[in-house]
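The next block is work16.tsv, given as TSV, C-alpha atoms.
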chain	number	residue	atom	x	y	z
A	162	MET	CA	23.27	19.15	54.45
A	163	SER	CA	20.25	17.22	53.12
A	164	ILE	CA	16.66	18.23	52.47
A	165	THR	CA	13.74	15.95	53.29
A	166	VAL	CA	10.88	15.92	50.78
A	167	LYS	CA	7.76	13.78	50.57
A	168	VAL	CA	6.65	12.99	47.03
A	169	GLU	CA	3.02	14.11	46.72
A	170	LYS	CA	2.26	12.95	43.19
A	171	ILE	CA	3.70	12.10	39.77
A	172	ILE	CA	3.15	14.69	37.06
A	173	SER	CA	3.00	14.50	33.27
A	174	ASN	CA	6.74	14.87	32.70
A	175	GLY	CA	7.29	11.71	34.74
A	176	TYR	CA	8.78	13.53	37.73
A	177	GLY	CA	7.56	13.32	41.28
A	178	ILE	CA	6.67	16.64	42.83
A	179	GLY	CA	6.87	17.73	46.46
A	180	TRP	CA	6.95	20.92	48.51
A	181	THR	CA	8.98	21.93	51.52
A	182	GLU	CA	9.91	25.29	53.06
A	183	GLY	CA	8.08	27.12	50.28
A	184	LYS	CA	10.09	25.37	47.56
A	185	THR	CA	8.78	23.19	44.74
A	186	TRP	CA	10.83	20.07	44.09
A	187	PHE	CA	10.95	17.84	41.02
A	188	ILE	CA	12.39	14.38	41.62
A	189	PRO	CA	12.90	11.69	38.94
A	190	PHE	CA	12.22	7.95	39.34
A	191	VAL	CA	10.15	8.16	42.50
A	192	ILE	CA	6.61	7.19	43.52
A	193	ALA	CA	3.95	9.21	45.33
A	194	GLY	CA	4.21	8.73	49.09
A	195	GLU	CA	7.95	8.13	49.14
A	196	VAL	CA	10.16	10.22	51.40
A	197	ILE	CA	13.56	11.22	50.07
A	198	GLU	CA	16.70	12.94	51.30
A	199	ILE	CA	18.11	15.30	48.66
A	200	THR	CA	21.85	15.92	48.82
A	201	GLN	CA	22.40	17.66	45.47
A	202	PHE	CA	20.08	19.75	43.34
A	203	LYS	CA	19.88	22.50	40.78
A	204	LYS	CA	17.50	25.43	40.49
A	205	ILE	CA	15.85	26.33	37.18
A	206	LYS	CA	13.79	29.51	37.45
A	207	LYS	CA	11.68	28.97	40.58
A	208	VAL	CA	11.78	25.15	40.61
A	209	PHE	CA	14.34	22.87	42.29
A	210	TYR	CA	15.41	19.62	40.58
A	211	ALA	CA	16.84	16.83	42.72
A	212	GLU	CA	20.00	15.35	41.19
A	213	GLU	CA	21.32	13.16	44.00
A	214	PHE	CA	19.05	11.73	46.68
A	215	THR	CA	18.30	8.72	48.87
A	216	ILE	CA	14.89	7.13	49.28
A	217	THR	CA	14.37	6.78	53.02
A	218	THR	CA	10.78	5.57	52.85
A	219	PRO	CA	10.19	3.50	49.67
A	220	SER	CA	6.75	2.82	48.22
A	221	PRO	CA	5.30	-0.70	48.41
A	222	HIS	CA	4.78	-0.33	44.63
A	223	ARG	CA	8.53	-0.05	43.97
A	224	ILE	CA	10.13	-2.94	42.05
A	225	GLU	CA	13.54	-3.77	40.60
A	226	PRO	CA	13.80	-2.18	37.10
A	227	ALA	CA	13.96	-4.64	34.20
A	228	CYS	CA	16.84	-2.81	32.48
A	229	PRO	CA	20.41	-2.01	33.61
A	230	ASN	CA	20.24	1.28	31.66
A	231	PHE	CA	17.21	2.56	33.57
A	232	THR	CA	17.71	6.14	34.87
A	233	LYS	CA	20.55	6.61	32.34
A	234	CYS	CA	18.81	5.91	29.01
A	235	GLY	CA	16.19	8.48	28.06
A	236	GLY	CA	13.55	5.97	27.01
A	237	CYS	CA	11.81	4.89	30.22
A	238	ASP	CA	10.32	6.67	33.23
A	239	PHE	CA	8.36	4.08	35.22
A	240	LEU	CA	10.32	0.81	35.18
A	241	HIS	CA	10.66	1.11	38.97
A	242	ILE	CA	6.87	0.97	39.43
A	243	GLU	CA	4.85	-2.24	39.42
A	244	TYR	CA	2.67	-2.27	36.33
A	245	ALA	CA	-0.78	-2.18	37.96
A	246	HIS	CA	0.29	0.96	39.81
A	247	GLN	CA	1.70	2.51	36.62
A	248	LEU	CA	-1.86	2.49	35.29
A	249	GLU	CA	-3.11	4.26	38.43
A	250	VAL	CA	-0.35	6.86	38.07
A	251	LYS	CA	-1.34	7.52	34.46
A	252	LYS	CA	-5.01	7.86	35.43
A	253	GLU	CA	-4.02	10.49	37.98
A	254	ILE	CA	-1.91	12.33	35.41
A	255	LEU	CA	-4.90	12.37	33.04
A	256	LYS	CA	-7.20	13.57	35.82
A	257	ASP	CA	-4.70	16.28	36.71
A	258	HIS	CA	-4.91	17.72	33.19
A	259	PHE	CA	-8.68	18.00	33.64
A	260	ARG	CA	-8.14	19.79	36.97
A	261	GLN	CA	-5.73	22.24	35.37
A	262	ASN	CA	-8.42	23.09	32.79
A	263	ARG	CA	-11.11	23.34	35.51
A	264	LEU	CA	-12.92	20.36	34.04
A	265	GLU	CA	-13.17	18.17	37.14
A	266	GLU	CA	-16.93	17.85	36.69
A	267	LEU	CA	-16.40	16.41	33.19
A	268	PHE	CA	-13.99	13.70	34.33
A	269	PRO	CA	-15.95	10.42	34.50
A	270	ASP	CA	-16.27	8.59	37.81
A	271	GLU	CA	-14.87	5.53	36.08
A	272	ILE	CA	-12.60	5.34	33.07
A	273	GLU	CA	-11.86	2.20	31.14
A	274	THR	CA	-8.24	1.09	30.82
A	275	VAL	CA	-6.91	-0.86	27.85
A	276	GLN	CA	-3.39	-2.21	27.90
A	277	LEU	CA	-1.01	-4.47	26.02
A	278	ASP	CA	-0.41	-8.03	27.18
A	279	THR	CA	3.36	-7.55	27.31
A	280	MET	CA	5.82	-4.70	27.78
A	281	ALA	CA	8.08	-6.05	25.01
A	282	ASN	CA	5.73	-4.94	22.26
A	283	ARG	CA	7.14	-2.02	20.28
A	284	THR	CA	8.08	-2.72	16.69
A	285	ARG	CA	9.59	0.66	15.83
A	286	ALA	CA	12.57	2.48	17.24
A	287	LYS	CA	15.18	5.09	16.36
A	288	VAL	CA	18.52	3.57	17.32
A	289	ILE	CA	22.17	4.64	17.12
A	290	LEU	CA	24.47	1.79	16.05
A	291	GLU	CA	27.99	1.97	17.41
A	292	GLU	CA	30.72	-0.62	17.96
A	293	GLY	CA	28.45	-3.50	16.99
A	294	LYS	CA	25.56	-2.62	19.32
A	295	GLY	CA	22.42	-0.57	19.40
A	296	ALA	CA	22.30	2.42	21.73
A	297	PHE	CA	19.90	5.12	22.89
A	298	HIS	CA	20.65	8.67	23.95
A	299	GLY	CA	20.73	9.45	27.65
A	300	ARG	CA	18.19	11.55	29.50
A	301	LYS	CA	18.55	15.13	28.25
A	302	SER	CA	21.97	14.37	26.82
A	303	HIS	CA	23.72	13.04	23.73
A	304	ASP	CA	25.56	10.39	25.74
A	305	LEU	CA	25.05	6.93	24.27
A	306	HIS	CA	23.95	3.96	26.32
A	307	PRO	CA	24.42	0.63	24.49
A	308	PHE	CA	22.00	-2.25	25.00
A	309	ASP	CA	21.90	-5.93	24.15
A	310	THR	CA	18.11	-6.06	24.41
A	311	CYS	CA	15.63	-3.32	25.23
A	312	PRO	CA	12.74	-4.54	27.43
A	313	LEU	CA	10.26	-2.33	25.54
A	314	LEU	CA	11.07	-3.71	22.08
A	315	HIS	CA	9.60	-6.83	20.56
A	316	PRO	CA	12.10	-9.73	20.83
A	317	GLU	CA	12.31	-10.01	17.04
A	318	LEU	CA	13.12	-6.31	16.67
A	319	ASN	CA	15.82	-6.69	19.31
A	320	ARG	CA	17.27	-9.53	17.23
A	321	VAL	CA	17.10	-7.50	14.00
A	322	ILE	CA	18.89	-4.54	15.60
A	323	SER	CA	21.56	-6.79	17.11
A	324	ASP	CA	22.29	-8.49	13.78
A	325	PHE	CA	22.21	-5.26	11.76
A	326	ALA	CA	24.54	-3.50	14.19
A	327	LYS	CA	27.32	-5.97	13.48
A	328	ASN	CA	27.93	-4.42	10.05
A	329	HIS	CA	26.48	-0.90	10.30
A	330	SER	CA	26.98	2.28	12.27
A	331	GLY	CA	25.09	5.54	12.56
A	332	GLU	CA	21.47	6.44	13.29
A	333	TYR	CA	18.71	4.23	11.85
A	334	TYR	CA	14.94	4.16	12.12
A	335	PHE	CA	13.68	0.58	12.46
A	336	GLU	CA	10.19	-0.67	11.66
A	337	TYR	CA	9.42	-4.38	12.03
A	338	SER	CA	6.33	-6.36	10.98
A	339	THR	CA	5.53	-9.28	13.25
A	340	ASN	CA	3.31	-10.65	10.48
A	341	SER	CA	5.46	-10.53	7.34
A	342	LYS	CA	8.82	-10.46	9.22
A	343	GLU	CA	9.83	-7.60	6.90
A	344	TRP	CA	11.69	-4.68	8.35
A	345	MET	CA	13.13	-1.28	7.65
A	346	PRO	CA	15.76	-0.11	6.78
A	347	GLN	CA	16.36	-3.41	4.99
A	348	GLN	CA	13.26	-2.65	2.90
A	349	LYS	CA	11.65	0.66	2.00
A	350	LYS	CA	8.15	-0.76	2.31
A	351	ILE	CA	6.80	-3.49	4.59
A	352	GLU	CA	3.50	-5.29	5.00
A	353	ARG	CA	1.64	-4.83	8.27
A	354	LYS	CA	-1.33	-6.88	9.44
A	355	VAL	CA	-4.02	-5.68	11.85
A	356	PHE	CA	-6.29	-8.59	12.70
A	357	ASP	CA	-6.75	-10.04	9.21
A	358	GLN	CA	-6.43	-6.73	7.34
A	359	LYS	CA	-3.13	-6.12	5.53
A	360	PHE	CA	-1.56	-2.69	5.11
A	361	ALA	CA	1.43	-1.49	3.13
A	362	GLN	CA	3.64	0.94	5.05
A	363	SER	CA	6.39	2.92	3.35
A	364	GLN	CA	9.48	4.30	5.01
A	365	GLY	CA	8.44	7.61	6.55
A	366	SER	CA	4.74	6.74	6.83
A	367	PHE	CA	3.30	6.66	10.32
A	368	PHE	CA	2.15	3.43	11.91
A	369	GLN	CA	1.31	2.72	15.53
A	370	SER	CA	4.02	1.41	17.86
A	371	SER	CA	3.08	-2.16	16.87
A	372	GLU	CA	0.40	-4.17	15.10
A	373	HIS	CA	-1.00	-5.12	18.48
A	374	SER	CA	-1.25	-1.45	19.45
A	375	ALA	CA	-3.15	-0.77	16.23
A	376	GLU	CA	-5.51	-3.65	17.04
A	377	LEU	CA	-6.37	-2.10	20.41
A	378	LEU	CA	-7.31	1.18	18.69
A	379	VAL	CA	-9.33	-0.63	16.02
A	380	THR	CA	-11.18	-2.56	18.73
A	381	ILE	CA	-12.29	0.74	20.30
A	382	PHE	CA	-13.28	2.07	16.87
A	383	ASN	CA	-15.21	-1.11	15.99
A	384	ALA	CA	-17.06	-1.01	19.32
A	385	GLU	CA	-18.25	2.52	18.54
A	386	LEU	CA	-19.33	1.45	15.04
A	387	GLU	CA	-21.26	-1.44	16.57
A	388	ARG	CA	-22.94	0.78	19.15
A	389	LEU	CA	-23.74	3.71	16.88
A	390	GLN	CA	-24.50	1.82	13.66
A	391	PRO	CA	-23.45	4.77	11.46
A	392	LYS	CA	-23.82	4.90	7.71
A	393	THR	CA	-21.22	7.64	7.11
A	394	VAL	CA	-17.80	8.08	8.74
A	395	VAL	CA	-15.16	10.81	8.41
A	396	ASP	CA	-11.60	9.68	9.11
A	397	LEU	CA	-9.42	12.70	9.93
A	398	TYR	CA	-5.64	12.19	9.89
A	399	SER	CA	-6.39	8.89	8.18
A	400	GLY	CA	-2.75	7.98	7.56
A	401	ILE	CA	-2.33	4.75	5.62
A	402	GLY	CA	-6.03	3.96	6.05
A	403	LEU	CA	-6.31	2.05	9.34
A	404	PHE	CA	-9.78	3.20	10.43
A	405	THR	CA	-11.09	3.73	6.91
A	406	ALA	CA	-10.34	0.10	6.03
A	407	PHE	CA	-12.34	-1.26	8.96
A	408	ALA	CA	-15.23	1.13	8.27
A	409	ARG	CA	-15.32	0.07	4.60
A	410	ARG	CA	-15.43	-3.59	5.63
A	411	ARG	CA	-18.83	-2.80	7.14
A	412	GLY	CA	-19.99	-1.18	3.92
A	413	LEU	CA	-19.94	2.34	5.34
A	414	LYS	CA	-19.46	5.47	3.27
A	415	THR	CA	-16.21	7.17	4.23
A	416	VAL	CA	-14.44	10.50	3.83
A	417	SER	CA	-10.70	10.24	4.51
A	418	VAL	CA	-8.44	13.24	5.08
A	419	GLU	CA	-4.63	13.06	5.05
A	420	ASN	CA	-1.88	15.43	3.98
A	421	SER	CA	1.34	13.38	4.13
A	422	PRO	CA	2.33	12.40	0.56
A	423	LEU	CA	3.88	9.12	1.74
A	424	ALA	CA	0.81	8.18	3.76
A	425	VAL	CA	-1.46	9.13	0.86
A	426	ASP	CA	0.46	6.84	-1.49
A	427	ASP	CA	0.16	3.99	1.02
A	428	PHE	CA	-3.55	4.72	1.49
A	429	LYS	CA	-4.11	4.44	-2.27
A	430	GLU	CA	-2.31	1.10	-2.30
A	431	ASN	CA	-4.20	-0.21	0.71
A	432	LEU	CA	-7.60	1.06	-0.47
A	433	PRO	CA	-7.23	1.39	-4.25
A	434	LYS	CA	-10.92	1.94	-4.97
A	435	ARG	CA	-11.41	4.60	-2.32
A	436	THR	CA	-10.97	8.33	-2.74
A	437	MET	CA	-9.46	10.61	-0.16
A	438	LEU	CA	-8.86	14.31	0.39
A	439	GLN	CA	-5.17	15.12	0.32
A	440	ILE	CA	-5.35	18.29	2.39
A	441	LYS	CA	-4.44	19.46	5.86
A	442	ALA	CA	-7.14	18.39	8.28
A	443	GLU	CA	-7.77	22.01	9.33
A	444	ASN	CA	-8.66	22.79	5.70
A	445	TRP	CA	-11.44	20.20	5.64
A	446	ALA	CA	-14.75	21.95	4.97
A	447	PRO	CA	-17.65	19.53	5.51
A	448	LYS	CA	-20.30	19.68	2.83
A	449	ALA	CA	-22.79	17.43	4.61
A	450	SER	CA	-23.65	15.91	7.97
A	451	TYR	CA	-21.99	12.67	9.02
A	452	ASP	CA	-22.92	10.02	11.56
A	453	LEU	CA	-19.43	9.73	13.05
A	454	VAL	CA	-16.09	11.51	12.89
A	455	VAL	CA	-12.92	9.77	14.06
A	456	ALA	CA	-9.82	11.92	14.63
A	457	ASP	CA	-6.34	10.73	15.59
A	458	PRO	CA	-4.23	13.91	15.40
A	459	PRO	CA	-0.56	14.49	16.28
A	460	ARG	CA	0.49	15.62	19.76
A	461	SER	CA	-0.55	19.21	19.04
A	462	GLY	CA	-4.19	18.12	19.12
A	463	LEU	CA	-7.05	19.49	17.05
A	464	PRO	CA	-6.73	23.01	15.57
A	465	GLN	CA	-9.52	25.36	16.63
A	466	VAL	CA	-10.79	25.73	13.07
A	467	LEU	CA	-11.05	21.94	12.74
A	468	ILE	CA	-13.02	21.66	15.97
A	469	GLU	CA	-15.51	24.13	14.53
A	470	SER	CA	-15.81	22.01	11.38
A	471	ILE	CA	-16.34	18.83	13.41
A	472	VAL	CA	-19.07	20.50	15.47
A	473	LYS	CA	-20.86	21.49	12.25
A	474	ALA	CA	-20.43	18.07	10.65
A	475	THR	CA	-21.50	15.56	13.29
A	476	SER	CA	-23.09	14.80	16.63
A	477	ASN	CA	-20.67	11.94	17.35
A	478	LEU	CA	-16.89	12.08	17.66
A	479	LEU	CA	-14.27	9.49	18.53
A	480	TYR	CA	-11.15	11.44	19.45
A	481	ILE	CA	-7.93	9.46	19.95
A	482	SER	CA	-5.10	11.48	21.46
A	483	CYS	CA	-1.44	10.80	22.26
A	484	ASP	CA	-1.19	13.87	24.49
A	485	ALA	CA	-3.38	14.25	27.56
A	486	ALA	CA	-2.69	17.98	27.87
A	487	THR	CA	-3.97	18.91	24.42
A	488	PHE	CA	-6.82	16.42	24.80
A	489	ALA	CA	-8.03	18.15	27.97
A	490	ARG	CA	-7.66	21.53	26.28
A	491	ASP	CA	-9.86	20.32	23.41
A	492	VAL	CA	-12.42	18.77	25.79
A	493	LYS	CA	-12.94	22.26	27.17
A	494	ILE	CA	-13.54	23.69	23.70
A	495	PHE	CA	-15.96	20.92	22.71
A	496	ALA	CA	-17.85	21.41	26.00
A	497	SER	CA	-18.29	25.09	25.15
A	498	ARG	CA	-19.77	24.01	21.81
A	499	GLY	CA	-22.39	21.74	23.37
A	500	PHE	CA	-20.51	18.41	23.22
A	501	THR	CA	-20.34	16.11	26.24
A	502	LEU	CA	-17.60	13.58	26.94
A	503	ASP	CA	-19.65	10.39	27.06
A	504	LYS	CA	-16.83	7.89	27.62
A	505	LEU	CA	-13.11	8.10	28.39
A	506	THR	CA	-10.59	5.30	27.86
A	507	LEU	CA	-6.92	5.31	28.83
A	508	ILE	CA	-4.94	3.23	26.34
A	509	ASP	CA	-1.53	2.23	27.64
A	510	LEU	CA	0.50	1.54	24.50
A	511	PHE	CA	3.74	2.58	26.24
A	512	PRO	CA	4.22	0.67	29.52
A	513	GLY	CA	7.34	1.61	31.43
A	514	THR	CA	7.11	5.21	30.22
A	515	LYS	CA	5.13	8.35	31.09
A	516	HIS	CA	3.33	8.18	27.74
A	517	PHE	CA	-0.19	6.89	27.08
A	518	GLU	CA	-3.07	7.48	24.69
A	519	VAL	CA	-6.63	8.55	25.38
A	520	ALA	CA	-9.84	7.78	23.53
A	521	GLY	CA	-12.83	10.02	24.13
A	522	ILE	CA	-16.33	9.52	22.78
A	523	PHE	CA	-18.14	12.85	22.44
A	524	LYS	CA	-21.80	13.50	21.74
A	525	SER	CA	-23.65	16.67	20.92
A	526	GLU	CA	-26.22	17.69	23.51
A	527	GLU	CA	-28.54	18.94	20.78
Is it possible to express this structure as C-alpha cells?
Amino acid sequence: MSITVKVEKIISNGYGIGWTEGKTWFIPFVIAGEVIEITQFKKIKKVFYAEEFTITTPSPHRIEPACPNFTKCGGCDFLHIEYAHQLEVKKEILKDHFRQNRLEELFPDEIETVQLDTMANRTRAKVILEEGKGAFHGRKSHDLHPFDTCPLLHPELNRVISDFAKNHSGEYYFEYSTNSKEWMPQQKKIERKVFDQKFAQSQGSFFQSSEHSAELLVTIFNAELERLQPKTVVDLYSGIGLFTAFARRRGLKTVSVENSPLAVDDFKENLPKRTMLQIKAENWAPKASYDLVVADPPRSGLPQVLIESIVKATSNLLYISCDAATFARDVKIFASRGFTLDKLTLIDLFPGTKHFEVAGIFKSEE
C-alpha cells in the first residue's frame, strides 16, 4: 500500500512538508510541487516521516546531484535543486519564520540576495580520516561515507585532506587559507586575508566558512558605513577583529566586545593598538551613545538583556544572523522597542544546504 502526498513547501529543517488524510508528512530531498508515493514511513509523535518513496511528478527545478554521497552524507540538503531555485526556497523559509512570529507586515516586499560565485568555496571542515580517505558522518547516524572530493569544499582543501589522509586517521578539524596556503592541523595558526586586510587565526578561533564569505559580510558592513557615515561603532561578538579592522581603516572610533580567550588573543595580534572588552556580550553596559552597532552572534541569537543595551546605545543596528528562527524572534523584540527593519539581505554562504545567513539593518523610529 502506498500513500500519495503533494509537497506543499520546504521548511527550515530542509524537509518537504505535505498533508493528506489529516496527517502531516515530512519528506527529505524533495521540491515544492512534487507528488510522491510513500511506501515506507515512521511516525514520531504526531508527524509522519517518509523513508522510502517514489517521485511520480518531479519538479522542473530538479537536477542531478553533484555528489554520489548525496542523501547518505549528512552535509547537504539541496543538491537536487537548481541553484537559482535554492535561493527562492531559502527566501520562503526566511519568510515563513516571519509568519510564525506574526511579523508578515515587517517582511520587506523585496529582499536583496548575496551569494558566492561557486559552490566549492568552504575552507573549513570537520573530517574523519579512515583507510586513506576523508569521510563525513551520515544523516542522523555515525555511519561513515568516504569521499574523494566534496563539492562544497575548496579544491585546495580537498587536496589537503586527500594528502593528509594518506598518513593519518581519526577526526580532524581543517582550516585552509587560500591566501597564505597555510592550513590546520598542520599549523596551529594561519594567516587569512579579507580583501587586502590580513588576519591571524589560531586553532579554535572562529572564522567564516571562507575568506570569500568574509568578504561578502564586510561588503555589507562597508556599505552601511558608507551610507550612515558614523563616527563611532560598537562591534559585538567581534571575534578576531573582522569588522573592527575595516571600521578602523576609516578612522572610526570602535568598541569591540569578545569573550573567547583564543579570539581575544588573535584580536590583539591583528589590532595591536586597539583595546577591547573581554566580556560576554550580554554583560556589555553601554556608557555612551554610538552611531552604529554591528552584532554577529552565534545561532542562539541576541540575549534579551543585550537587546535592551543595544536599544539604549544606538539608533542604528546591523544584525548578521546565521539562524533565521532566532533572527525573526529578535526582530519581534526590536519592533516592540521602536526599531524598524529597514533592509533585509539573504546571504547564501552555504549553497547546497538548508543553511544561510541574514543581514538586517534596523533603525530606531525615534
Write out as JSON, numbers by chain which residues come within 8 Å of segment 250-266 of chain A when counting all atoms listed in the file, dropping same-chain ones fewer than 4 positions away.
-> {"A": [171, 172, 173, 246, 485, 486, 489, 490, 493, 507, 515, 517]}
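If you measure from each of A:Leu463, A:Ile164, A:Leu453, A:Ala406 to Arg435 of chain A using all atoms listed in the file, the closest one turns out to be A:Ala406.
Take atom CA of Leu386 of chain A and atom CA of Ile471 of chain A: the distance between them is 17.7 Å.
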Residue nearest Ser470 of chain A - candidates A:Leu423, A:Val395, A:Leu248, A:Val355, atoms counted: all atoms listed in the file =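 Checking each of A:Leu423, A:Val395, A:Leu248, A:Val355 against Ser470 of chain A, counting all atoms listed in the file, the winner is A:Val395.
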Could you check which of A:His306, A:Arg285, A:Arg300, A:Lys204 is closest to Tyr337 of chain A, using all atoms listed in the file?
->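 When distances to Tyr337 of chain A are compared using all atoms listed in the file, the smallest one comes from A:Arg285.
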Padding 4 Å on every side, please: axis-aligned box over the listed atoms of segment 263-275 of chain A, centre and edge lengths to one decimal in Å, as JSON.
{"center_x": -11.9, "center_y": 11.2, "center_z": 32.8, "size_x": 18.0, "size_y": 32.2, "size_z": 18.0}
Tell me, as a list in words, which residues lie within 12 Å of Gln465 of chain A, counting all atoms listed in the file; anything in the same chain fewer than 2 positions away does not count.
->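 Returned residues: Ala442, Glu443, Asn444, Ser461, Gly462, Leu463, Leu467, Ile468, Glu469, Ser470, Ile471, Val472, Thr487, Arg490, Asp491, Val492, Lys493, Ile494, Phe495 and Arg498 of chain A.
Atom CA of Asn383 of chain A is positioned 23.6 Å from atom CA of Lys473 of chain A.
Take atom CA of Ile224 of chain A and atom CA of Glu243 of chain A: the distance between them is 5.9 Å.
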If you count all atoms listed in the file, which residues fall within 7 Å of segment 358-375 of chain A, apart from same-chain ones fewer than 2 positions away, as a ChimeraX atom specification?
-> /A:282-285,349-356,377-379,400,423-424,427,431,510
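Among the candidates A:Gly499, A:Gly177, A:Pro307, A:Gly295, the residue lying nearest to Asn319 of chain A is A:Gly295 (atoms considered: only C-alpha atoms).
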Which residues of segment 299-400 of chain A come within 10 Å of segment 233-237 of chain A, and what is each one's closest atom pair and distance in Å (one decimal), counting only C-alpha atoms, sorted by chain and residue number, as a tab-separated table?
residue	atom	partner	partner_atom	distance
A:Gly299	CA	A:Cys234	CA	4.3
A:Arg300	CA	A:Gly235	CA	3.9
A:Lys301	CA	A:Gly235	CA	7.1
A:Ser302	CA	A:Gly235	CA	8.3
A:His303	CA	A:Gly235	CA	9.8
A:Asp304	CA	A:Cys234	CA	8.7
A:Leu305	CA	A:Cys234	CA	7.9
A:His306	CA	A:Cys234	CA	6.1
A:Pro307	CA	A:Cys234	CA	8.9
A:Phe308	CA	A:Cys234	CA	9.6
A:Cys311	CA	A:Gly236	CA	9.7
A:Pro312	CA	A:Cys237	CA	9.9
A:Leu313	CA	A:Cys237	CA	8.7
Pick from A:Val275, A:Ala281, A:Ala449, A:Ile401: nearest to Val425 of chain A, with only C-alpha atoms counted?
->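 Nearest candidate to Val425 of chain A out of A:Val275, A:Ala281, A:Ala449, A:Ile401: A:Ile401.
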Given the choices A:Pro269, A:Ile522, A:Thr514, A:Pro226, which gets closest to Tyr176 of chain A if the distance is worked out from all atoms listed in the file?
->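 Of A:Pro269, A:Ile522, A:Thr514, A:Pro226, the one nearest Tyr176 of chain A is A:Thr514, counting all atoms listed in the file.
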Got a sec to check which residues sit within 9 Å of (32.2, 2.7, 15.9), counting only C-alpha atoms, and write them as JSON, numbers by chain?
-> {"A": [290, 291, 292, 293, 329, 330, 331]}
List the residues sitting within 6 Å of (-8.1, 6.6, 30.1) in the file's frame, using all atoms listed in the file, as a list in words.
->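 Output: Ile272, Glu273, Thr274, Leu505, Thr506, Leu507, Ile508 and Val519 of chain A.
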What would segment 379-392 of chain A look like with N, CA and C atoms restored, written as a PDB file, in the frame of the given file?
ATOM      1  N   VAL A 379      -8.262  -0.175  16.915  1.00  0.00           N
ATOM      2  CA  VAL A 379      -9.330  -0.630  16.020  1.00  0.00           C
ATOM      3  C   VAL A 379     -10.466  -1.259  16.816  1.00  0.00           C
ATOM      4  N   THR A 380     -10.143  -1.956  17.889  1.00  0.00           N
ATOM      5  CA  THR A 380     -11.180  -2.560  18.730  1.00  0.00           C
ATOM      6  C   THR A 380     -12.085  -1.483  19.326  1.00  0.00           C
ATOM      7  N   ILE A 381     -11.499  -0.378  19.771  1.00  0.00           N
ATOM      8  CA  ILE A 381     -12.290   0.740  20.300  1.00  0.00           C
ATOM      9  C   ILE A 381     -13.144   1.347  19.193  1.00  0.00           C
ATOM     10  N   PHE A 382     -12.561   1.521  18.016  1.00  0.00           N
ATOM     11  CA  PHE A 382     -13.280   2.070  16.870  1.00  0.00           C
ATOM     12  C   PHE A 382     -14.438   1.148  16.465  1.00  0.00           C
ATOM     13  N   ASN A 383     -14.172  -0.151  16.383  1.00  0.00           N
ATOM     14  CA  ASN A 383     -15.210  -1.110  15.990  1.00  0.00           C
ATOM     15  C   ASN A 383     -16.352  -1.147  17.005  1.00  0.00           C
ATOM     16  N   ALA A 384     -16.013  -1.009  18.286  1.00  0.00           N
ATOM     17  CA  ALA A 384     -17.060  -1.010  19.320  1.00  0.00           C
ATOM     18  C   ALA A 384     -17.987   0.189  19.152  1.00  0.00           C
ATOM     19  N   GLU A 385     -17.414   1.332  18.764  1.00  0.00           N
ATOM     20  CA  GLU A 385     -18.250   2.520  18.540  1.00  0.00           C
ATOM     21  C   GLU A 385     -19.090   2.356  17.279  1.00  0.00           C
ATOM     22  N   LEU A 386     -18.534   1.735  16.246  1.00  0.00           N
ATOM     23  CA  LEU A 386     -19.330   1.450  15.040  1.00  0.00           C
ATOM     24  C   LEU A 386     -20.483   0.517  15.372  1.00  0.00           C
ATOM     25  N   GLU A 387     -20.222  -0.472  16.194  1.00  0.00           N
ATOM     26  CA  GLU A 387     -21.260  -1.440  16.570  1.00  0.00           C
ATOM     27  C   GLU A 387     -22.360  -0.759  17.381  1.00  0.00           C
ATOM     28  N   ARG A 388     -21.965   0.104  18.285  1.00  0.00           N
ATOM     29  CA  ARG A 388     -22.940   0.780  19.150  1.00  0.00           C
ATOM     30  C   ARG A 388     -23.760   1.802  18.385  1.00  0.00           C
ATOM     31  N   LEU A 389     -23.074   2.586  17.552  1.00  0.00           N
ATOM     32  CA  LEU A 389     -23.740   3.710  16.880  1.00  0.00           C
ATOM     33  C   LEU A 389     -24.454   3.302  15.599  1.00  0.00           C
ATOM     34  N   GLN A 390     -23.957   2.268  14.945  1.00  0.00           N
ATOM     35  CA  GLN A 390     -24.500   1.820  13.660  1.00  0.00           C
ATOM     36  C   GLN A 390     -24.564   2.968  12.641  1.00  0.00           C
ATOM     37  N   PRO A 391     -23.445   3.649  12.402  1.00  0.00           N
ATOM     38  CA  PRO A 391     -23.450   4.770  11.460  1.00  0.00           C
ATOM     39  C   PRO A 391     -23.501   4.288  10.011  1.00  0.00           C
ATOM     40  N   LYS A 392     -23.880   5.194   9.144  1.00  0.00           N
ATOM     41  CA  LYS A 392     -23.820   4.900   7.710  1.00  0.00           C
ATOM     42  C   LYS A 392     -22.693   5.681   7.039  1.00  0.00           C
TER      43      LYS A 392
END
